[in-house]
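Text of final_25.cif, listed as mmCIF, C-alpha atoms:
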```
data_target
loop_
_atom_site.label_atom_id
_atom_site.label_comp_id
_atom_site.auth_asym_id
_atom_site.auth_seq_id
_atom_site.Cartn_x
_atom_site.Cartn_y
_atom_site.Cartn_z
CA MET A 223 18.47 1.77 24.28
CA ASN A 224 17.16 3.63 27.30
CA ALA A 225 14.24 2.58 29.49
CA THR A 226 11.93 5.29 28.13
CA THR A 227 12.32 3.97 24.60
CA GLY A 228 11.65 0.47 25.83
CA ARG A 229 8.32 1.54 27.32
CA ARG A 230 7.35 3.30 24.10
CA LEU A 231 8.21 0.18 22.14
CA THR A 232 5.88 -1.88 24.28
CA ALA A 233 3.04 0.57 23.64
CA ALA A 234 3.77 0.70 19.93
CA ALA A 235 3.73 -3.07 19.67
CA LEU A 236 0.07 -3.02 20.68
CA THR A 237 -0.83 -0.88 17.69
CA VAL A 238 1.02 -3.04 15.18
CA VAL A 239 -1.37 -5.96 15.59
CA ALA A 240 -4.22 -3.82 14.25
CA LEU A 241 -2.21 -2.58 11.30
CA ALA A 242 -2.45 -5.49 8.90
CA THR A 243 -1.19 -4.57 5.46
CA ALA A 244 -2.86 -4.49 2.07
CA THR A 245 0.01 -5.90 0.10
CA THR A 246 0.65 -9.52 -0.79
CA ALA A 247 3.21 -11.54 1.18
CA CYS A 248 4.48 -15.09 1.57
CA SER A 249 5.62 -17.11 4.57
CA SER A 250 8.71 -15.97 6.42
CA GLY A 251 12.06 -17.64 6.69
CA GLY A 252 15.44 -17.17 8.29
CA SER A 253 16.72 -16.42 11.76
CA THR A 254 15.93 -13.39 13.87
CA SER A 255 19.46 -12.52 14.95
CA ALA A 256 20.47 -9.15 13.55
CA LYS A 257 24.04 -8.56 14.74
CA SER A 258 26.89 -10.09 12.79
CA ASP A 259 30.66 -10.18 12.76
CA ASP A 260 32.62 -7.02 11.89
CA GLY A 261 32.41 -6.28 8.19
CA THR A 262 28.94 -7.79 7.89
CA TYR A 263 25.82 -5.63 7.67
CA THR A 264 22.34 -6.97 8.23
CA VAL A 265 19.32 -6.30 6.03
CA TRP A 266 15.76 -7.34 6.88
CA ASP A 267 13.14 -7.29 4.15
CA PRO A 268 9.52 -8.43 3.57
CA TYR A 269 10.30 -10.39 0.40
CA PRO A 270 10.61 -14.06 1.41
CA GLN A 271 9.49 -15.00 -2.10
CA PHE A 272 12.96 -14.06 -3.36
CA ALA A 273 15.48 -16.88 -2.96
CA LYS A 274 19.23 -16.58 -2.65
CA ASP A 275 19.74 -16.77 -6.41
CA SER A 276 17.15 -14.05 -7.16
CA ALA A 277 17.93 -10.68 -8.73
CA TRP A 278 16.90 -8.99 -5.48
CA VAL A 279 19.43 -10.87 -3.35
CA LYS A 280 22.11 -10.35 -5.98
CA LEU A 281 21.36 -6.63 -5.81
CA LEU A 282 21.77 -6.66 -2.02
CA ASP A 283 25.07 -8.49 -2.28
CA GLY A 284 26.22 -6.13 -5.03
CA CYS A 285 25.45 -3.07 -2.93
CA GLY A 286 27.34 -4.67 -0.05
CA SER A 287 30.39 -5.26 -2.25
CA LYS A 288 30.23 -1.68 -3.47
CA ALA A 289 30.23 -0.48 0.15
CA GLY A 290 33.04 -2.88 1.07
CA VAL A 291 30.98 -5.09 3.37
CA LYS A 292 29.19 -8.43 3.36
CA ILE A 293 25.39 -8.59 3.57
CA LYS A 294 23.46 -10.89 5.87
CA ARG A 295 19.88 -10.82 4.65
CA THR A 296 16.80 -12.14 6.47
CA ALA A 297 13.32 -12.15 4.97
CA PHE A 298 10.07 -12.10 6.94
CA ASP A 299 6.37 -12.03 6.30
CA THR A 300 5.28 -8.36 6.19
CA SER A 301 3.27 -8.34 9.42
CA ASP A 302 5.81 -10.51 11.24
CA LEU A 303 8.63 -8.19 10.24
CA THR A 304 7.20 -5.24 12.16
CA ASN A 305 6.93 -7.20 15.39
CA LYS A 306 10.43 -8.59 14.93
CA ALA A 307 11.76 -5.06 14.38
CA LEU A 308 10.15 -3.81 17.61
CA LEU A 309 11.54 -6.73 19.58
CA ALA A 310 15.01 -6.34 18.10
CA ALA A 311 15.03 -2.65 19.02
CA GLN A 312 14.14 -3.48 22.62
CA GLN A 313 17.17 -5.79 22.67
CA ASP A 314 19.47 -3.25 20.94
CA ASN A 315 19.80 -5.81 18.16
CA SER A 316 18.27 -3.99 15.17
CA PRO A 317 19.34 -4.68 11.57
CA ASP A 318 21.45 -2.06 9.83
CA VAL A 319 18.88 -1.63 7.07
CA LEU A 320 15.18 -2.37 7.50
CA ILE A 321 12.77 -2.48 4.56
CA VAL A 322 9.26 -2.19 5.96
CA ASP A 323 5.69 -1.64 4.75
CA ASN A 324 5.01 2.10 4.62
CA PRO A 325 2.01 2.33 7.03
CA VAL A 326 4.08 1.09 9.97
CA VAL A 327 6.97 3.52 9.49
CA SER A 328 5.24 6.01 11.79
CA THR A 329 4.74 3.32 14.44
CA LEU A 330 8.40 2.39 14.39
CA ALA A 331 9.42 6.04 14.33
CA GLU A 332 7.26 6.92 17.33
CA ALA A 333 8.69 3.92 19.14
CA GLY A 334 12.21 5.28 18.65
CA VAL A 335 13.29 2.42 16.36
CA LEU A 336 14.31 4.48 13.31
CA THR A 337 16.80 7.24 12.60
CA THR A 338 15.73 10.29 10.61
CA THR A 339 17.16 11.13 7.22
CA ASP A 340 18.75 14.18 8.86
CA ASP A 341 20.67 11.77 11.07
CA ASN A 342 21.50 9.05 8.54
CA LYS A 343 22.04 11.41 5.54
CA VAL A 344 19.86 9.41 3.14
CA ASP A 345 18.96 11.66 0.19
CA THR A 346 15.21 11.89 -0.52
CA SER A 347 15.29 15.02 -2.69
CA LYS A 348 14.13 13.27 -5.87
CA VAL A 349 11.22 11.38 -4.30
CA ASP A 350 7.68 12.62 -4.98
CA PRO A 351 6.36 14.45 -1.88
CA ASN A 352 3.06 12.53 -1.80
CA LEU A 353 4.93 9.22 -1.63
CA LEU A 354 7.56 10.42 0.82
CA ALA A 355 4.80 11.61 3.16
CA ALA A 356 4.02 8.02 4.17
CA GLY A 357 7.40 7.93 5.92
CA GLN A 358 7.10 11.29 7.66
CA SER A 359 5.98 12.11 11.18
CA ASP A 360 6.12 15.37 13.12
CA GLY A 361 8.04 17.04 10.32
CA LYS A 362 10.76 14.40 10.18
CA THR A 363 11.46 11.81 7.49
CA TYR A 364 12.33 8.23 8.45
CA GLY A 365 13.31 6.56 5.21
CA THR A 366 12.81 6.53 1.48
CA PRO A 367 10.31 4.52 -0.60
CA ILE A 368 11.62 1.69 -2.70
CA GLY A 369 8.53 1.87 -4.87
CA ALA A 370 4.78 2.21 -4.70
CA ASN A 371 1.72 0.25 -5.61
CA THR A 372 -1.84 1.48 -5.46
CA LEU A 373 -5.36 0.81 -6.66
CA ALA A 374 -7.17 1.46 -9.92
CA LEU A 375 -10.05 -0.05 -11.90
CA TYR A 376 -9.33 -2.96 -14.20
CA TYR A 377 -11.98 -3.29 -16.90
CA ASN A 378 -13.00 -6.01 -19.34
CA LYS A 379 -13.14 -4.45 -22.81
CA ASP A 380 -15.38 -7.19 -24.23
CA VAL A 381 -18.00 -6.78 -21.49
CA LEU A 382 -18.07 -3.01 -21.89
CA LYS A 383 -18.30 -3.24 -25.68
CA ALA A 384 -21.24 -5.65 -25.48
CA ALA A 385 -23.00 -3.26 -23.09
CA GLY A 386 -22.36 -0.24 -25.28
CA VAL A 387 -20.15 1.49 -22.72
CA ASP A 388 -17.50 3.96 -23.86
CA ILE A 389 -14.70 3.87 -21.29
CA ALA A 390 -13.69 7.42 -22.25
CA ALA A 391 -17.07 8.65 -20.97
CA ILE A 392 -16.38 7.46 -17.42
CA LYS A 393 -15.04 10.50 -15.63
CA ASP A 394 -16.90 10.62 -12.28
CA TRP A 395 -19.22 8.62 -10.04
CA PRO A 396 -22.45 9.28 -11.96
CA SER A 397 -20.92 8.19 -15.28
CA LEU A 398 -19.41 5.09 -13.66
CA THR A 399 -22.74 4.15 -12.08
CA ALA A 400 -24.48 4.68 -15.43
CA ALA A 401 -21.97 2.31 -17.02
CA LEU A 402 -22.69 -0.31 -14.36
CA ASP A 403 -26.40 0.00 -15.09
CA LYS A 404 -25.81 -0.61 -18.79
CA VAL A 405 -23.65 -3.65 -18.02
CA LYS A 406 -26.32 -5.17 -15.78
CA LYS A 407 -29.04 -4.61 -18.37
CA ALA A 408 -26.82 -6.33 -20.92
CA GLY A 409 -26.83 -9.44 -18.74
CA LYS A 410 -23.32 -9.12 -17.30
CA LYS A 411 -21.95 -8.25 -13.86
CA GLY A 412 -20.86 -4.77 -12.84
CA ILE A 413 -18.01 -4.30 -10.39
CA THR A 414 -16.25 -6.34 -7.75
CA PHE A 415 -14.00 -5.15 -4.93
CA SER A 416 -12.87 -6.09 -1.43
CA ALA A 417 -14.88 -4.76 1.51
CA ILE A 418 -13.72 -7.38 4.01
CA GLY A 419 -13.48 -6.41 7.67
CA THR A 420 -9.71 -5.95 7.68
CA GLU A 421 -7.20 -3.36 6.50
CA GLU A 422 -7.84 -4.62 2.95
CA GLY A 423 -11.41 -3.34 3.23
CA SER A 424 -10.28 0.10 4.37
CA PHE A 425 -7.56 0.14 1.72
CA GLN A 426 -10.13 -0.44 -1.03
CA PHE A 427 -12.67 2.01 0.38
CA LEU A 428 -10.22 4.88 0.79
CA PRO A 429 -10.14 6.00 -2.89
CA TRP A 430 -13.92 6.49 -2.75
CA PHE A 431 -13.77 8.09 0.69
CA TRP A 432 -10.99 10.47 -0.33
CA GLY A 433 -12.53 10.88 -3.78
CA SER A 434 -15.61 12.34 -2.10
CA GLY A 435 -13.49 15.00 -0.42
CA ALA A 436 -13.76 13.36 3.01
CA LYS A 437 -10.96 13.32 5.58
CA LEU A 438 -9.98 10.55 7.97
CA THR A 439 -10.22 12.97 10.88
CA ARG A 440 -13.99 13.19 10.30
CA LEU A 441 -15.38 9.85 9.23
CA ASP A 442 -19.06 10.87 9.39
CA SER A 443 -18.86 13.97 7.20
CA GLN A 444 -21.42 14.41 4.44
CA GLN A 445 -18.74 13.55 1.90
CA GLY A 446 -17.81 10.33 3.71
CA VAL A 447 -21.45 9.31 3.89
CA SER A 448 -21.81 9.89 0.15
CA ALA A 449 -18.91 7.50 -0.53
CA LEU A 450 -20.39 4.73 1.61
CA SER A 451 -23.81 5.38 0.09
CA LEU A 452 -22.27 4.86 -3.34
CA TRP A 453 -21.13 1.36 -2.37
CA THR A 454 -24.36 0.42 -0.60
CA GLY A 455 -26.33 1.68 -3.61
CA TRP A 456 -24.31 -0.54 -5.93
CA LEU A 457 -25.13 -3.60 -3.83
CA LYS A 458 -28.83 -2.77 -3.57
CA LYS A 459 -29.11 -2.34 -7.34
CA GLY A 460 -27.12 -5.49 -8.07
CA TYR A 461 -24.21 -3.64 -9.67
CA ALA A 462 -21.83 -5.25 -7.16
CA PRO A 463 -22.18 -8.73 -5.60
CA ASN A 464 -22.89 -9.35 -1.92
CA SER A 465 -19.65 -11.34 -1.87
CA VAL A 466 -17.69 -8.08 -1.62
CA ILE A 467 -18.43 -8.10 2.12
CA SER A 468 -16.15 -11.13 2.55
CA ASN A 469 -13.93 -10.66 -0.51
CA THR A 470 -10.22 -10.29 -0.07
CA GLN A 471 -8.36 -8.59 -2.90
CA THR A 472 -7.41 -12.06 -4.12
CA THR A 473 -10.95 -13.46 -4.20
CA SER A 474 -12.22 -10.25 -5.74
CA TRP A 475 -9.64 -10.66 -8.50
CA GLN A 476 -10.74 -14.25 -9.05
CA GLU A 477 -14.30 -13.00 -9.66
CA PHE A 478 -13.05 -10.53 -12.25
CA ALA A 479 -10.84 -13.17 -13.86
CA SER A 480 -13.98 -15.23 -14.57
CA GLY A 481 -14.65 -12.81 -17.43
CA ASP A 482 -18.18 -11.92 -16.28
CA TYR A 483 -17.43 -8.58 -14.61
CA ALA A 484 -16.99 -5.21 -16.26
CA PHE A 485 -14.78 -3.74 -13.50
CA ALA A 486 -12.62 -4.76 -10.59
CA GLU A 487 -10.87 -2.53 -8.10
CA ASN A 488 -7.42 -3.96 -7.55
CA GLY A 489 -3.74 -3.16 -7.57
CA THR A 490 -0.57 -3.16 -9.60
CA TRP A 491 0.33 -6.55 -8.14
CA GLN A 492 -2.35 -8.15 -10.35
CA LEU A 493 -0.73 -7.06 -13.61
CA ALA A 494 0.84 -10.45 -14.28
CA ASN A 495 -2.50 -12.16 -13.61
CA ALA A 496 -4.27 -9.69 -15.88
CA GLU A 497 -2.03 -10.75 -18.75
CA LYS A 498 -3.08 -14.35 -18.13
CA ALA A 499 -6.80 -13.64 -17.81
CA GLY A 500 -7.65 -14.59 -21.35
CA PHE A 501 -9.53 -11.43 -22.29
CA ASP A 502 -8.62 -7.93 -23.35
CA TYR A 503 -8.41 -5.59 -20.36
CA GLY A 504 -7.67 -1.97 -19.60
CA VAL A 505 -6.94 0.10 -16.51
CA LEU A 506 -8.70 3.27 -15.40
CA PRO A 507 -7.65 5.47 -12.46
CA ILE A 508 -10.45 5.55 -9.88
CA PRO A 509 -12.52 8.66 -10.57
CA GLY A 510 -13.38 11.24 -7.95
CA ALA A 511 -17.01 12.01 -7.12
CA SER A 512 -17.13 15.02 -9.43
CA GLY A 513 -14.28 14.13 -11.77
CA GLY A 514 -10.52 13.89 -11.79
CA ASN A 515 -8.52 11.07 -10.27
CA ALA A 516 -9.30 10.09 -6.69
CA ALA A 517 -6.39 9.78 -4.30
CA ALA A 518 -5.76 6.08 -3.79
CA PRO A 519 -3.72 4.81 -0.83
CA THR A 520 -0.09 3.94 -1.43
CA GLY A 521 1.28 0.51 -0.78
CA GLY A 522 4.92 -0.45 -0.95
CA GLU A 523 7.89 -0.36 1.34
CA PHE A 524 10.31 2.17 2.80
CA VAL A 525 14.03 1.55 3.17
CA THR A 526 14.97 2.72 6.65
CA VAL A 527 18.01 2.84 8.93
CA PRO A 528 17.23 1.65 12.48
CA VAL A 529 18.86 3.14 15.57
CA GLN A 530 22.17 1.49 16.47
CA GLY A 531 24.21 1.56 19.65
CA ASP A 532 27.26 1.94 17.43
CA THR A 533 26.49 5.12 15.47
CA GLY A 534 29.58 4.56 13.34
CA ARG A 535 27.59 2.01 11.33
CA TYR A 536 25.28 4.68 9.88
CA ALA A 537 27.73 5.82 7.20
CA THR A 538 27.86 2.37 5.60
CA ALA A 539 24.12 1.85 6.09
CA GLN A 540 23.56 5.10 4.17
CA LYS A 541 25.70 3.78 1.32
CA LEU A 542 23.61 0.62 1.21
CA VAL A 543 20.32 2.53 1.13
CA SER A 544 21.62 4.88 -1.55
CA CYS A 545 22.70 1.94 -3.68
CA LEU A 546 19.38 0.09 -3.28
CA THR A 547 17.40 3.19 -4.24
CA SER A 548 19.63 4.49 -7.04
CA ALA A 549 17.88 5.15 -10.37
CA ASP A 550 19.24 2.05 -12.11
CA ASN A 551 18.52 -0.28 -9.23
CA LEU A 552 15.06 1.17 -8.59
CA TYR A 553 14.07 0.46 -12.17
CA ASN A 554 15.03 -3.20 -11.95
CA THR A 555 13.59 -3.71 -8.47
CA ASP A 556 10.28 -1.96 -9.17
CA THR A 557 9.86 -3.91 -12.39
CA THR A 558 10.35 -7.14 -10.45
CA LEU A 559 7.88 -6.11 -7.73
CA SER A 560 5.32 -4.63 -10.18
CA TYR A 561 5.77 -1.30 -8.38
CA VAL A 562 5.72 2.19 -9.77
CA ALA A 563 8.94 4.06 -9.04
CA PRO A 564 8.88 6.91 -6.49
CA THR A 565 10.84 9.27 -8.75
CA SER A 566 9.81 10.81 -12.06
CA VAL A 567 13.06 9.87 -13.81
CA VAL A 568 12.59 6.16 -13.16
CA ARG A 569 8.84 6.27 -13.86
CA ASP A 570 9.54 7.79 -17.28
CA LYS A 571 11.88 4.89 -17.99
CA GLN A 572 9.21 2.42 -16.87
CA MET A 573 6.57 3.94 -19.14
CA ALA A 574 8.99 3.99 -22.08
CA ALA A 575 9.45 0.25 -21.61
CA ASP A 576 5.76 -0.53 -21.01
CA ALA A 577 3.04 1.89 -22.13
CA LYS A 578 0.44 -0.07 -20.11
CA LEU A 579 1.90 1.45 -16.94
CA LYS A 580 0.56 4.93 -17.81
CA PRO A 581 -2.71 4.68 -15.81
CA TRP A 582 -0.79 3.26 -12.86
CA VAL A 583 1.66 6.14 -12.98
CA GLU A 584 -1.30 8.54 -12.99
CA ALA A 585 -2.78 6.73 -10.00
CA VAL A 586 0.48 6.77 -8.05
CA THR A 587 1.13 10.45 -8.66
CA SER A 588 -2.34 11.17 -7.21
CA ALA A 589 -1.94 8.67 -4.36
CA ARG A 590 -1.79 9.41 -0.65
CA GLY A 591 -0.15 7.69 2.30
CA ARG A 592 -2.52 6.22 4.83
CA THR A 593 -0.59 7.74 7.71
CA SER A 594 0.02 11.08 5.95
CA GLY A 595 -1.12 14.38 7.42
CA ASP A 596 0.45 13.47 10.76
CA LEU A 597 -2.12 10.74 11.38
CA GLY A 598 0.77 8.42 12.17
CA THR A 599 -0.14 5.85 14.79
CA LYS A 600 -3.72 7.16 14.93
CA TYR A 601 -4.39 5.50 11.58
CA PRO A 602 -4.80 1.87 12.77
CA LYS A 603 -7.70 2.80 15.08
CA ILE A 604 -9.33 5.00 12.44
CA SER A 605 -8.96 2.27 9.83
CA GLU A 606 -10.50 -0.38 12.08
CA GLN A 607 -13.57 1.76 12.69
CA LEU A 608 -13.79 2.58 9.00
CA TRP A 609 -13.87 -1.05 7.87
CA LYS A 610 -16.40 -1.84 10.61
CA ALA A 611 -18.61 0.96 9.29
CA VAL A 612 -18.32 -0.34 5.73
CA GLN A 613 -19.25 -3.84 6.87
CA SER A 614 -22.19 -2.55 8.88
CA ALA A 615 -23.60 -0.50 6.02
CA LEU A 616 -23.09 -3.08 3.29
CA SER A 617 -24.72 -5.79 5.40
CA GLY A 618 -27.73 -3.55 5.97
CA ALA A 619 -27.25 -3.47 9.74
CA LYS A 620 -26.98 0.32 9.74
CA SER A 621 -27.42 3.20 7.33
CA PRO A 622 -24.23 4.75 5.95
CA GLN A 623 -24.83 7.81 8.15
CA ASP A 624 -25.32 5.80 11.34
CA ALA A 625 -22.46 3.44 10.57
CA LEU A 626 -19.98 6.28 10.09
CA ALA A 627 -21.33 8.21 13.08
CA THR A 628 -20.69 5.13 15.24
CA ALA A 629 -17.20 4.88 13.78
CA GLN A 630 -16.42 8.52 14.48
CA ASN A 631 -17.60 8.22 18.08
CA ALA A 632 -15.43 5.13 18.58
CA VAL A 633 -12.38 6.97 17.24
CA LYS A 634 -12.98 9.82 19.66
#
```
Output the structure of this file as structure tokens.
Amino acid sequence: MNATTGRRLTAAALTVVALATATTACSSGGSTSAKSDDGTYTVWDPYPQFAKDSAWVKLLDGCGSKAGVKIKRTAFDTSDLTNKALLAAQQDNSPDVLIVDNPVVSTLAEAGVLTTTDDNKVDTSKVDPNLLAAGQSDGKTYGTPIGANTLALYYNKDVLKAAGVDIAAIKDWPSLTAALDKVKKAGKKGITFSAIGTEEGSFQFLPWFWGSGAKLTRLDSQQGVSALSLWTGWLKKGYAPNSVISNTQTTSWQEFASGDYAFAENGTWQLANAEKAGFDYGVLPIPGASGGNAAAPTGGEFVTVPVQGDTGRYATAQKLVSCLTSADNLYNTDTTLSYVAPTSVVRDKQMAADAKLKPWVEAVTSARGRTSGDLGTKYPKISEQLWKAVQSALSGAKSPQDALATAQNAVK
């Protein structure tokens, strides 16, 4: 790797620290050495929860056998993986296949770590454009999604029934707020979410921000202010608890799981916990300000092919990626990860097997990548100012208008 790329990697590494992810992860394990003996191909992934005897590792080994090679797999914590990938690229020691959280694809691409799909010949033709966009920068594509998760509203059917709320009537912000009012008057709690001062807070605010018609290039627009005013209004009226300011997505879920709340904004990764909650629940795509489904941010990983000094390795790496993201394997993997598939064919199969996935499929097909629209490595700075604005407004330190104006000036 040339000296210019090395300098870009150093700059990119500074942005990665700010880009914490909004997906769940466990502690990392394994060594950091990427290169192996001839006939062995290395795969790095952010799934340390999957042991050697798991279906995921068996899939990796099976794809290796199909390609005629052995697989050496190393799993890392999601945030740690990005830093390890940058360091490995500096040392010309990158893995052959890198599975990485989608918001940092643009960071790695700008740093010169990843090959494009034009170079590595990975086929992305069947992937939904809105999901593929998270892995695109400057008109080039740097991988393919293995699946997607996103946000929607879980609701407690018993709480809504007791409050006389018809879920079918909730189609926009006014009807949702009216439902929260009814729930409060019935003696129950309205809605919980995560507004913590991290990427999780931005992740949860984005559906409302985008649902207002606002754009991340203009944080203090009238539409953006209306979204933040919605949240601050809910707190002032007691429809949402003050705890949202410090809630993570996990603690927010724990509040909902108590059975006292009508709604909780959370993700597909809570589906297993929802089944264990002990009450009847449903899922509603987050409504836009004036109706329709708001665009929620996409979570999930991209399968990428890092730059190698030996370009002859790309052909086998492409075979591995194609195997991992084939229709049959995507179905099994996305079911395991509680992800929605990035292709319509596999999503149809998922819904046929589990009708409860329908609202999640609707949410994913309306979803948007956080780095889409060529925001790329600008997103971490924008996101940081956005969550600071949310914190400032919800705490009462500033009005929504002033909080977002401060954020916009900081981004500039």
Between range 459-520 of chain A and range 574-597 of chain A, at 12 Å or less, what are the per-residue closest atom pairs and their distances in Å? Count only C-alpha atoms, order by chain and rising residue number, and return it as JSON lines.
```
{"residue": "A:Asn488", "atom": "CA", "partner": "A:Trp582", "partner_atom": "CA", "distance": 11.1}
{"residue": "A:Gly489", "atom": "CA", "partner": "A:Trp582", "partner_atom": "CA", "distance": 8.8}
{"residue": "A:Thr490", "atom": "CA", "partner": "A:Trp582", "partner_atom": "CA", "distance": 7.2}
{"residue": "A:Trp491", "atom": "CA", "partner": "A:Trp582", "partner_atom": "CA", "distance": 10.9}
{"residue": "A:Gln492", "atom": "CA", "partner": "A:Trp582", "partner_atom": "CA", "distance": 11.8}
{"residue": "A:Leu493", "atom": "CA", "partner": "A:Leu579", "partner_atom": "CA", "distance": 9.5}
{"residue": "A:Ala494", "atom": "CA", "partner": "A:Lys578", "partner_atom": "CA", "distance": 11.9}
{"residue": "A:Ala496", "atom": "CA", "partner": "A:Lys578", "partner_atom": "CA", "distance": 11.5}
{"residue": "A:Glu497", "atom": "CA", "partner": "A:Lys578", "partner_atom": "CA", "distance": 11.0}
{"residue": "A:Tyr503", "atom": "CA", "partner": "A:Lys578", "partner_atom": "CA", "distance": 10.4}
{"residue": "A:Gly504", "atom": "CA", "partner": "A:Lys578", "partner_atom": "CA", "distance": 8.3}
{"residue": "A:Val505", "atom": "CA", "partner": "A:Pro581", "partner_atom": "CA", "distance": 6.3}
{"residue": "A:Leu506", "atom": "CA", "partner": "A:Pro581", "partner_atom": "CA", "distance": 6.2}
{"residue": "A:Pro507", "atom": "CA", "partner": "A:Ala585", "partner_atom": "CA", "distance": 5.6}
{"residue": "A:Ile508", "atom": "CA", "partner": "A:Ala585", "partner_atom": "CA", "distance": 7.8}
{"residue": "A:Pro509", "atom": "CA", "partner": "A:Ala585", "partner_atom": "CA", "distance": 9.9}
{"residue": "A:Gly510", "atom": "CA", "partner": "A:Ser588", "partner_atom": "CA", "distance": 11.1}
{"residue": "A:Gly514", "atom": "CA", "partner": "A:Ser588", "partner_atom": "CA", "distance": 9.8}
{"residue": "A:Asn515", "atom": "CA", "partner": "A:Ser588", "partner_atom": "CA", "distance": 6.9}
{"residue": "A:Ala516", "atom": "CA", "partner": "A:Ser588", "partner_atom": "CA", "distance": 7.1}
{"residue": "A:Ala517", "atom": "CA", "partner": "A:Ala589", "partner_atom": "CA", "distance": 4.6}
{"residue": "A:Ala518", "atom": "CA", "partner": "A:Ala589", "partner_atom": "CA", "distance": 4.7}
{"residue": "A:Pro519", "atom": "CA", "partner": "A:Arg590", "partner_atom": "CA", "distance": 5.0}
{"residue": "A:Thr520", "atom": "CA", "partner": "A:Gly591", "partner_atom": "CA", "distance": 5.3}
```
Within 10 Å of range 402-422 of chain A: each range 540-607 of chain A residue with its shortest pair, all atoms listed in the file, as JSON lines:
```
{"residue": "A:Pro602", "atom": "CA", "partner": "A:Glu421", "partner_atom": "CA", "distance": 8.5}
{"residue": "A:Ser605", "atom": "CA", "partner": "A:Glu421", "partner_atom": "CA", "distance": 6.8}
{"residue": "A:Glu606", "atom": "CA", "partner": "A:Glu421", "partner_atom": "CA", "distance": 7.1}
{"residue": "A:Gln607", "atom": "CA", "partner": "A:Gly419", "partner_atom": "CA", "distance": 9.6}
```
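Atom pair CA of Ile467 in chain A / CA of Ala449 in chain A has a distance of 15.8 Å (rounded to one decimal).
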Could you state which residues are captured by the PyMOL selection byres ((chain A and resi 326) around 12) in this file, as JSON, numbers by chain?
{"A": [234, 235, 237, 238, 239, 240, 241, 242, 243, 244, 300, 301, 302, 303, 304, 305, 307, 308, 320, 321, 322, 323, 324, 325, 327, 328, 329, 330, 331, 332, 333, 335, 336, 356, 357, 358, 359, 364, 365, 521, 522, 523, 524, 526, 591, 592, 593, 594, 597, 598, 599, 600, 601, 602]}
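Pairwise distance (CA of Tyr553 in chain A, CA of Pro270 in chain A) equals 20.2 Å.
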Writing C-alpha atoms and nothing else, produce range 489-505 of chain A as a PDB file, in the first residue's frame.
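Saved as out-v2.pdb:
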```pdb
ATOM      1  CA  GLY A 489     -35.500  -2.628  16.270  1.00  0.00           C
ATOM      2  CA  THR A 490     -35.799  -6.039  14.720  1.00  0.00           C
ATOM      3  CA  TRP A 491     -33.185  -7.341  17.149  1.00  0.00           C
ATOM      4  CA  GLN A 492     -35.798  -7.204  19.938  1.00  0.00           C
ATOM      5  CA  LEU A 493     -38.149  -9.684  18.261  1.00  0.00           C
ATOM      6  CA  ALA A 494     -37.036 -12.606  20.412  1.00  0.00           C
ATOM      7  CA  ASN A 495     -37.470 -10.502  23.558  1.00  0.00           C
ATOM      8  CA  ALA A 496     -40.900  -9.378  22.376  1.00  0.00           C
ATOM      9  CA  GLU A 497     -42.018 -12.995  22.226  1.00  0.00           C
ATOM     10  CA  LYS A 498     -40.934 -13.395  25.854  1.00  0.00           C
ATOM     11  CA  ALA A 499     -42.532 -10.180  27.106  1.00  0.00           C
ATOM     12  CA  GLY A 500     -45.637 -11.843  28.447  1.00  0.00           C
ATOM     13  CA  PHE A 501     -48.181  -9.633  26.690  1.00  0.00           C
ATOM     14  CA  ASP A 502     -49.680  -9.414  23.242  1.00  0.00           C
ATOM     15  CA  TYR A 503     -47.730  -7.002  21.040  1.00  0.00           C
ATOM     16  CA  GLY A 504     -47.795  -5.631  17.528  1.00  0.00           C
ATOM     17  CA  VAL A 505     -45.436  -3.666  15.297  1.00  0.00           C
TER      18      VAL A 505
END
```
